[in-house]
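Scroll down for the structure; my scribbles are underneath it.
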Amino acid sequence: MIKKELELLVVLQDLDMMIDEISEVKRLGFEAENEENLRKAREELVSKISRPLLFSYEQLKKRYKRAIVPVKEDNTCLGCFIKLPTSISAKGRADSEVMRCESCGRILYWL
Amino acid sequence: METQNLLRYFDENLFIPNLKATTKDELLKEIVDQFVNVKYLKNSQIVLEMLYQREMLGSTGIGKGVAIPHGRTTSSSDIMIAFGKSEDGIDYDSIDGKPVHLVFMIIAPPQDENNMYLPILGKMVEILNKSKNRKKLMSIESFEEFKEFLEKE
Ligand SMILES: [Zn+2]
């Protein structure tokens with residue numbers, strides 16, 4: 001369940017990065033005219049994510065390019081490269097709750 | 001950006017000389033599955049979602065038989081480029097309506113070292129705009145030949 005929601009958040013972040021780079025991609029000669037489609041997809045996605053998680057995401061986005069980051073196999077946060085305590089990674093892997101990195105605050109995502 | 005510098009983003013495991021796909025959806029899935037099979041990506045669903053959304057923005061079939069599906073994804077930590085070919089052609093909804101024979105899929109992380117992602121995309125467009133390059137790429141059978149092509153170009 002949580003994992004599913006975190007996956008939606010990852011999809012949202014990927015979509016936001018795409019929206020941010022539309023003009024650059026266009027400049028390279030690609031077709032990227034239907035920005036409206038992405039805005040609609042974003043709205044739809046956002047409606048599936050819980051308010052508190054979405055709020056955390058938006059707040060983190062103000063500080064970082066990536067609000068949600070994968071955890072590396074050796075249990076380091078890919079946002080700040082600090083090793084996570086085993087208690088956090090155990091909980092995160094179990095998908096029991098949304099975990100955030102203790103040092104940078106980013107939302108953690110176990111691939 | 002120099003063409004030779006592109007080489008490091010390619011990999012023999014991501015060289016698909018005989019694509020099976022006949023449609024855009026099949027193609028995106030076939031290549032993403034290959035990334036997953038060789039363990040360069042873990043979650044195919046998330047990457048496919050991103051690629052589908054990119055196509056909603058506008059077709060990455062840039063015409064003349066070429067497609068460059070691309071995007072950044074949180075689930076990748078490096079820039080990687082897959083190269084595939086289809087003799088028969090793929091129904092891709094390209095901007096000129098023609099089937100696609102050459103495919104370069106470019107997957108990038110949210111942030112990449114030295115900000116290479118956009119220059120790489122631009123370089124690929126530049127290379128593929130030349131008809132002699134498209135012709136050469138269609139004749140390539142092995143990854144060795146492909147490397148030679150990039151080194152010489
Ligand atoms: Zn961190």
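Chain lettering (A, B, ...) mirrors the order of the structure tokens, residue numbering begins at 1 for each chain separately, and ligand numbering begins at 1 in order of display.
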
*Do you know which residues are within 10 Å of ligand 1 using only C-alpha atoms and all ligand atoms? Can you write them as an MDAnalysis selection string?*
chainID A and resid 68:71 76:84 100:108

_Can you pull out the residues contacting segment 57-74 of chain B? Cut-off 7 Å, using only C-alpha atoms, and skip same-chain residues under 5 positions away; I want them as a ChimeraX atom specification._
/A:10,14,30-35,37-38,69 /B:47,50-51,92-96,98-110

*Hey, which of A:Tyr109, A:Ser89, A:Ile19, A:Asn75 ends up closest to Lys40 of chain A? Count only C-alpha atoms.*
A:Ile19

Could you give me, as a short mmCIF file (atom, residue, chain, number, x, y, z; two decimals) with all heavy atoms, in the first residue's frame, the residues within 7 Å of segment 148-151 of chain B, counting only C-alpha atoms and dropping anything in the same chain fewer than 6 positions from it?
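What follows is the written file part04.cif:
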data_model
loop_
_atom_site.label_atom_id
_atom_site.label_comp_id
_atom_site.auth_asym_id
_atom_site.auth_seq_id
_atom_site.Cartn_x
_atom_site.Cartn_y
_atom_site.Cartn_z
N THR B 3 31.60 13.28 -30.29
CA THR B 3 30.89 12.01 -30.44
C THR B 3 31.55 10.88 -29.66
O THR B 3 30.88 10.04 -29.06
CB THR B 3 30.82 11.63 -31.93
OG1 THR B 3 30.29 12.75 -32.63
CG2 THR B 3 29.90 10.46 -32.15
N GLN B 4 32.90 10.88 -29.65
CA GLN B 4 33.62 9.80 -28.94
C GLN B 4 33.21 9.72 -27.47
O GLN B 4 33.21 8.65 -26.87
CB GLN B 4 35.14 10.00 -29.01
CG GLN B 4 35.71 9.95 -30.40
CD GLN B 4 35.87 11.37 -30.94
OE1 GLN B 4 34.89 12.11 -31.06
NE2 GLN B 4 37.09 11.76 -31.25
N LEU B 7 30.42 7.34 -26.13
CA LEU B 7 30.62 5.90 -26.03
C LEU B 7 30.40 5.34 -24.63
O LEU B 7 29.82 4.26 -24.46
CB LEU B 7 32.06 5.58 -26.50
CG LEU B 7 32.31 4.20 -27.06
CD1 LEU B 7 31.30 3.84 -28.15
CD2 LEU B 7 33.72 4.13 -27.63
#

*Can you list every residue in segment 36-89 of chain A that DSSP puts in helix (DSSP H, G or I), as a count of residues only?*
28

_Exercise: segment 39-43 of chain B partners within 8 Å, only C-alpha atoms, chain neighbours under 6 positions left out, as a PyMOL selection string_ = (chain A and resi 111) or (chain B and resi 75-76)

_Quick check, in Å to one decimal: how far apart do atom CA of Gly97 of chain B and atom CA of Val11 of chain A lie?_
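Atom-to-atom, atom CA of Gly97 of chain B and atom CA of Val11 of chain A are spaced 29.2 Å apart.
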